[in-house]
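**Student:** Structure file data.pdb (PDB, C-alpha atoms and all ligand atoms) is given on the next line.
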ATOM      1  CA  MET A   1     -35.074 -92.570  28.068  1.00  0.00           C
ATOM      2  CA  ASN A   2     -34.291 -90.394  25.039  1.00  0.00           C
ATOM      3  CA  ALA A   3     -30.990 -90.097  23.167  1.00  0.00           C
ATOM      4  CA  THR A   4     -29.848 -86.883  24.875  1.00  0.00           C
ATOM      5  CA  ALA A   5     -30.438 -88.263  28.367  1.00  0.00           C
ATOM      6  CA  ARG A   6     -28.652 -91.498  27.491  1.00  0.00           C
ATOM      7  CA  LEU A   7     -25.624 -89.674  26.087  1.00  0.00           C
ATOM      8  CA  ASN A   8     -25.473 -87.411  29.153  1.00  0.00           C
ATOM      9  CA  HIS A   9     -25.733 -90.390  31.447  1.00  0.00           C
ATOM     10  CA  TYR A  10     -22.623 -91.964  29.925  1.00  0.00           C
ATOM     11  CA  GLY A  11     -20.719 -88.683  29.861  1.00  0.00           C
ATOM     12  CA  ILE A  12     -20.735 -88.635  26.039  1.00  0.00           C
ATOM     13  CA  THR A  13     -20.993 -85.085  24.682  1.00  0.00           C
ATOM     14  CA  ALA A  14     -24.459 -84.825  23.082  1.00  0.00           C
ATOM     15  CA  THR A  15     -23.730 -83.352  19.638  1.00  0.00           C
ATOM     16  CA  PRO A  16     -26.687 -82.936  17.216  1.00  0.00           C
ATOM     17  CA  GLU A  17     -25.243 -85.713  15.001  1.00  0.00           C
ATOM     18  CA  ARG A  18     -24.877 -88.194  17.898  1.00  0.00           C
ATOM     19  CA  GLU A  19     -28.402 -87.401  19.108  1.00  0.00           C
ATOM     20  CA  LYS A  20     -29.771 -87.908  15.607  1.00  0.00           C
ATOM     21  CA  ILE A  21     -28.067 -91.283  15.069  1.00  0.00           C
ATOM     22  CA  LEU A  22     -28.949 -92.566  18.548  1.00  0.00           C
ATOM     23  CA  ASP A  23     -32.559 -91.374  18.119  1.00  0.00           C
ATOM     24  CA  LEU A  24     -32.756 -93.274  14.840  1.00  0.00           C
ATOM     25  CA  LEU A  25     -31.379 -96.402  16.506  1.00  0.00           C
ATOM     26  CA  ILE A  26     -33.860 -96.098  19.398  1.00  0.00           C
ATOM     27  CA  VAL A  27     -36.798 -95.703  16.977  1.00  0.00           C
ATOM     28  CA  GLU A  28     -35.645 -98.459  14.594  1.00  0.00           C
ATOM     29  CA  GLY A  29     -34.505-100.859  17.342  1.00  0.00           C
ATOM     30  CA  THR A  30     -32.282-102.761  14.935  1.00  0.00           C
ATOM     31  CA  CYS A  31     -30.599-101.025  12.031  1.00  0.00           C
ATOM     32  CA  SER A  32     -27.868-101.714   9.463  1.00  0.00           C
ATOM     33  CA  LEU A  33     -25.143 -99.202   8.628  1.00  0.00           C
ATOM     34  CA  ASN A  34     -26.658 -98.775   5.145  1.00  0.00           C
ATOM     35  CA  ARG A  35     -30.085 -98.002   6.586  1.00  0.00           C
ATOM     36  CA  LEU A  36     -28.563 -95.478   9.026  1.00  0.00           C
ATOM     37  CA  SER A  37     -26.795 -93.796   6.091  1.00  0.00           C
ATOM     38  CA  GLU A  38     -30.058 -93.659   4.100  1.00  0.00           C
ATOM     39  CA  LEU A  39     -31.960 -92.154   7.013  1.00  0.00           C
ATOM     40  CA  SER A  40     -29.337 -89.521   7.797  1.00  0.00           C
ATOM     41  CA  VAL A  41     -27.967 -88.270   4.483  1.00  0.00           C
ATOM     42  CA  ASP A  42     -26.453 -85.165   6.115  1.00  0.00           C
ATOM     43  CA  VAL A  43     -24.074 -87.259   8.281  1.00  0.00           C
ATOM     44  CA  ASP A  44     -21.239 -88.988   6.425  1.00  0.00           C
ATOM     45  CA  ARG A  45     -20.858 -92.750   6.641  1.00  0.00           C
ATOM     46  CA  THR A  46     -17.460 -92.662   8.389  1.00  0.00           C
ATOM     47  CA  THR A  47     -18.880 -90.438  11.136  1.00  0.00           C
ATOM     48  CA  ILE A  48     -21.862 -92.777  11.545  1.00  0.00           C
ATOM     49  CA  PHE A  49     -19.502 -95.767  11.749  1.00  0.00           C
ATOM     50  CA  ARG A  50     -17.380 -94.087  14.445  1.00  0.00           C
ATOM     51  CA  MET A  51     -20.489 -93.196  16.449  1.00  0.00           C
ATOM     52  CA  VAL A  52     -21.771 -96.766  16.230  1.00  0.00           C
ATOM     53  CA  ARG A  53     -18.394 -98.008  17.527  1.00  0.00           C
ATOM     54  CA  LEU A  54     -18.556 -95.505  20.385  1.00  0.00           C
ATOM     55  CA  PHE A  55     -22.110 -96.596  21.313  1.00  0.00           C
ATOM     56  CA  GLN A  56     -20.975-100.227  21.188  1.00  0.00           C
ATOM     57  CA  LEU A  57     -18.106 -99.480  23.558  1.00  0.00           C
ATOM     58  CA  TYR A  58     -20.607 -98.165  26.094  1.00  0.00           C
ATOM     59  CA  GLY A  59     -22.920-101.126  25.789  1.00  0.00           C
ATOM     60  CA  ILE A  60     -25.653 -98.900  24.308  1.00  0.00           C
ATOM     61  CA  LEU A  61     -25.924-101.220  21.324  1.00  0.00           C
ATOM     62  CA  GLU A  62     -24.613-104.540  20.085  1.00  0.00           C
ATOM     63  CA  GLU A  63     -23.562-105.824  16.693  1.00  0.00           C
ATOM     64  CA  ARG A  64     -25.395-108.789  15.199  1.00  0.00           C
ATOM     65  CA  ILE A  65     -25.280-110.735  11.959  1.00  0.00           C
ATOM     66  CA  GLU A  66     -28.723-111.362  10.450  1.00  0.00           C
ATOM     67  CA  MET A  67     -29.747-114.546   8.601  1.00  0.00           C
ATOM     68  CA  ASN A  68     -28.892-112.881   5.249  1.00  0.00           C
ATOM     69  CA  ASP A  69     -25.352-112.041   6.503  1.00  0.00           C
ATOM     70  CA  THR A  70     -26.187-108.353   6.975  1.00  0.00           C
ATOM     71  CA  LYS A  71     -24.433-106.724   9.918  1.00  0.00           C
ATOM     72  CA  VAL A  72     -26.953-104.832  12.060  1.00  0.00           C
ATOM     73  CA  PHE A  73     -26.822-102.833  15.271  1.00  0.00           C
ATOM     74  CA  ARG A  74     -29.376-103.409  17.987  1.00  0.00           C
ATOM     75  CA  ILE A  75     -30.174-101.064  20.871  1.00  0.00           C
ATOM     76  CA  LEU A  76     -29.693-102.851  24.197  1.00  0.00           C
ATOM     77  CA  PRO A  77     -32.159-102.503  27.059  1.00  0.00           C
ATOM     78  CA  TRP A  78     -31.440 -99.549  29.318  1.00  0.00           C
ATOM     79  CA  ASP A  79     -29.671-100.745  32.451  1.00  0.00           C
ATOM     80  CA  PRO A  80     -28.412 -97.850  34.572  1.00  0.00           C
ATOM     81  CA  LEU A  81     -27.048-100.243  37.221  1.00  0.00           C
ATOM     82  CA  THR A  82     -24.215-101.266  34.911  1.00  0.00           C
ATOM     83  CA  ILE A  83     -22.739 -97.795  35.024  1.00  0.00           C
ATOM     84  CA  ASP A  84     -24.064 -95.865  38.011  1.00  0.00           C
ATOM     85  CA  LYS A  85     -21.880 -97.750  40.445  1.00  0.00           C
ATOM     86  CA  ASN A  86     -18.231 -96.712  40.158  1.00  0.00           C
ATOM     87  CA  PRO A  87     -17.863 -96.146  36.429  1.00  0.00           C
ATOM     88  CA  ILE A  88     -14.494 -96.565  34.772  1.00  0.00           C
ATOM     89  CA  ASN A  89     -13.257 -93.160  33.638  1.00  0.00           C
ATOM     90  CA  PHE A  90     -11.559 -93.122  30.252  1.00  0.00           C
ATOM     91  CA  HIS A  91      -9.542 -89.933  29.646  1.00  0.00           C
ATOM     92  CA  CYS A  92      -9.017 -89.196  25.944  1.00  0.00           C
ATOM     93  CA  LYS A  93      -5.719 -87.400  25.446  1.00  0.00           C
ATOM     94  CA  GLU A  94      -6.875 -86.032  22.053  1.00  0.00           C
ATOM     95  CA  CYS A  95     -10.272 -84.438  22.754  1.00  0.00           C
ATOM     96  CA  LYS A  96      -9.710 -84.242  26.543  1.00  0.00           C
ATOM     97  CA  SER A  97     -13.119 -85.757  27.251  1.00  0.00           C
ATOM     98  CA  VAL A  98     -13.713 -88.108  30.158  1.00  0.00           C
ATOM     99  CA  LEU A  99     -15.930 -91.006  29.094  1.00  0.00           C
ATOM    100  CA  LYS A 100     -17.654 -93.203  31.658  1.00  0.00           C
ATOM    101  CA  LEU A 101     -17.377 -96.872  30.763  1.00  0.00           C
ATOM    102  CA  PRO A 102     -19.432 -99.616  32.388  1.00  0.00           C
ATOM    103  CA  TRP A 103     -17.759-102.049  34.762  1.00  0.00           C
ATOM    104  CA  SER A 104     -17.186-105.544  33.628  1.00  0.00           C
ATOM    105  CA  LYS A 105     -17.502-108.260  36.253  1.00  0.00           C
ATOM    106  CA  SER A 106     -14.411-109.905  34.763  1.00  0.00           C
ATOM    107  CA  ILE A 107     -12.282-107.066  36.172  1.00  0.00           C
ATOM    108  CA  LEU A 108     -13.335-108.000  39.689  1.00  0.00           C
ATOM    109  CA  ARG A 109     -12.707-111.700  39.000  1.00  0.00           C
ATOM    110  CA  ALA A 110      -9.002-110.898  38.581  1.00  0.00           C
ATOM    111  CA  ILE A 111      -8.795-109.850  42.256  1.00  0.00           C
ATOM    112  CA  PRO A 112      -7.829-112.749  44.609  1.00  0.00           C
ATOM    113  CA  ALA A 113     -10.861-113.985  46.533  1.00  0.00           C
ATOM    114  CA  SER A 114      -9.166-113.216  49.864  1.00  0.00           C
ATOM    115  CA  PHE A 115      -9.685-109.466  49.134  1.00  0.00           C
ATOM    116  CA  CYS A 116     -13.072-108.004  49.960  1.00  0.00           C
ATOM    117  CA  VAL A 117     -13.543-105.156  47.435  1.00  0.00           C
ATOM    118  CA  GLU A 118     -15.960-102.509  48.753  1.00  0.00           C
ATOM    119  CA  SER A 119     -15.415 -99.761  46.211  1.00  0.00           C
ATOM    120  CA  ALA A 120     -13.307 -99.088  43.154  1.00  0.00           C
ATOM    121  CA  ASN A 121     -12.052 -96.199  41.087  1.00  0.00           C
ATOM    122  CA  LEU A 122     -10.401 -97.008  37.776  1.00  0.00           C
ATOM    123  CA  GLU A 123      -8.906 -94.355  35.492  1.00  0.00           C
ATOM    124  CA  LEU A 124      -7.891 -95.259  31.950  1.00  0.00           C
ATOM    125  CA  TYR A 125      -5.936 -93.019  29.563  1.00  0.00           C
ATOM    126  CA  GLY A 126      -5.728 -93.210  25.786  1.00  0.00           C
ATOM    127  CA  ILE A 127      -7.543 -92.212  22.597  1.00  0.00           C
ATOM    128  CA  CYS A 128     -11.333 -92.565  22.289  1.00  0.00           C
ATOM    129  CA  PRO A 129     -12.875 -94.296  19.215  1.00  0.00           C
ATOM    130  CA  GLU A 130     -13.903 -90.990  17.648  1.00  0.00           C
ATOM    131  CA  CYS A 131     -10.380 -89.542  17.797  1.00  0.00           C
ATOM    132  CA  GLN A 132      -8.865 -92.604  16.076  1.00  0.00           C
ATOM    133  CA  SER A 133      -8.892 -91.973  12.347  1.00  0.00           C
TER     134      SER A 133
HETATM  135 ZN    ZN B   1     -11.259 -88.291  21.929  1.00  0.00          ZN
END
What does this structure look like when you write it as structure tokens?

**Tutor:**
Amino acid sequence: MNATARLNHYGITATPEREKILDLLIVEGTCSLNRLSELSVDVDRTTIFRMVRLFQLYGILEERIEMNDTKVFRILPWDPLTIDKNPINFHCKECKSVLKLPWSKSILRAIPASFCVESANLELYGICPECQS
């Protein structure tokens, strides 16, 4: 699945910069922030950092520390099941976008076992990572 399709799937607006950075991450697999900056000189480092945080929030990539203490970002395997079923909607009050976040099983663990949950609809309100600066 390419960058545009992935962004659309999560409800993230597919800007040319986001597509470029996600494409680079998909091709590279694992990439440091420095390497991402080198490969995309037309996108400033702060913007790249915010995008990486956004992708992390969605479970698109994870942060890892390499043996030489370098922080790298690794693309996670595509797993549509984590989001297709009742996504959590996050409403950003700054940019007015609605971002679909994956469910965490720990949310359901908070419900007493005597309740049989058949469906869920969770709406969150706040400021998305990109609007926090
Ligand atoms: Zn926002």

**Student:** Check every protein, DNA and RNA residue against ligand ZN 1 (chain B), keep those with an atom at most 9 Å away (counting only C-alpha atoms and all ligand atoms), and present them as a ChimeraX atom specification.

**Tutor:** /A:91-99,126-132

**Student:** Could you state the separation of atom CA of Leu101 of chain A and atom CA of Ala14 of chain A in Å, given to one decimal place?

**Tutor:**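 Taking atom CA of Leu101 of chain A and atom CA of Ala14 of chain A, their separation equals 15.9 Å.
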
**Student:** To one decimal place, how far is atom CA of Cys31 of chain A from atom CA of Tyr58 of chain A in Å?

**Tutor:** 17.5 Å

**Student:** Find the residue from A:Arg50, A:Val43, A:Ser133, A:Glu38 that sits nearest to Pro16 of chain A; use all atoms listed in the file when measuring.

**Tutor:** A:Val43

**Student:** So the first atom is atom CA of Leu76 of chain A and the second is atom CA of Leu61 of chain A; what is the distance between them in Å, to one decimal place?

**Tutor:**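 It comes out at 5.0 Å.
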
**Student:** Find, counting only C-alpha atoms, the residue in A:Val72, A:Phe55, A:Phe90, A:Arg35 that gets nearest to Arg6 of chain A.

**Tutor:** A:Phe55

**Student:** Assuming the chain letters and numbering stay as they are in my file, what does the PyMOL selection byres (((chain A and resi 29) around 9) and not hetatm) actually select? List them as number ranges by chain.

**Tutor:** A: 24-28, 30-31, 73-76

**Student:** Go through A:Pro87, A:Leu39, A:Lys100, A:Arg45 and flag the residue nearest Asn8 of chain A, using only C-alpha atoms for the distances.

**Tutor:**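 Nearest candidate to Asn8 of chain A out of A:Pro87, A:Leu39, A:Lys100, A:Arg45: A:Lys100.
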
**Student:** Take the point (-29.0, -85.9, 20.6) in the file's coordinates, draw a sphere of radius 12 Å around it, and report as a PyMOL selection string every protein, DNA or RNA residue with an atom inside or on it, counting only C-alpha atoms.

**Tutor:** chain A and resi 1-8+12-26+51

**Student:** Go ahead and dump the residues you just picked, C-alpha atoms, as a compact mmCIF listing (two decimals), in the frame of the given file.

**Tutor:**
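This went into out.txt:
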# COMPACT_ATOMS: atom_id res chain seq x y z
CA MET A 1 -35.07 -92.57 28.07
CA ASN A 2 -34.29 -90.39 25.04
CA ALA A 3 -30.99 -90.10 23.17
CA THR A 4 -29.85 -86.88 24.88
CA ALA A 5 -30.44 -88.26 28.37
CA ARG A 6 -28.65 -91.50 27.49
CA LEU A 7 -25.62 -89.67 26.09
CA ASN A 8 -25.47 -87.41 29.15
CA ILE A 12 -20.74 -88.64 26.04
CA THR A 13 -20.99 -85.08 24.68
CA ALA A 14 -24.46 -84.82 23.08
CA THR A 15 -23.73 -83.35 19.64
CA PRO A 16 -26.69 -82.94 17.22
CA GLU A 17 -25.24 -85.71 15.00
CA ARG A 18 -24.88 -88.19 17.90
CA GLU A 19 -28.40 -87.40 19.11
CA LYS A 20 -29.77 -87.91 15.61
CA ILE A 21 -28.07 -91.28 15.07
CA LEU A 22 -28.95 -92.57 18.55
CA ASP A 23 -32.56 -91.37 18.12
CA LEU A 24 -32.76 -93.27 14.84
CA LEU A 25 -31.38 -96.40 16.51
CA ILE A 26 -33.86 -96.10 19.40
CA MET A 51 -20.49 -93.20 16.45

**Student:** Using all atoms listed in the file, which of A:Ser37, A:Asn121, A:Asn68, A:Asn89 sits nearest Val52 of chain A?

**Tutor:**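 Under the stated criterion, the closest residue is A:Ser37.
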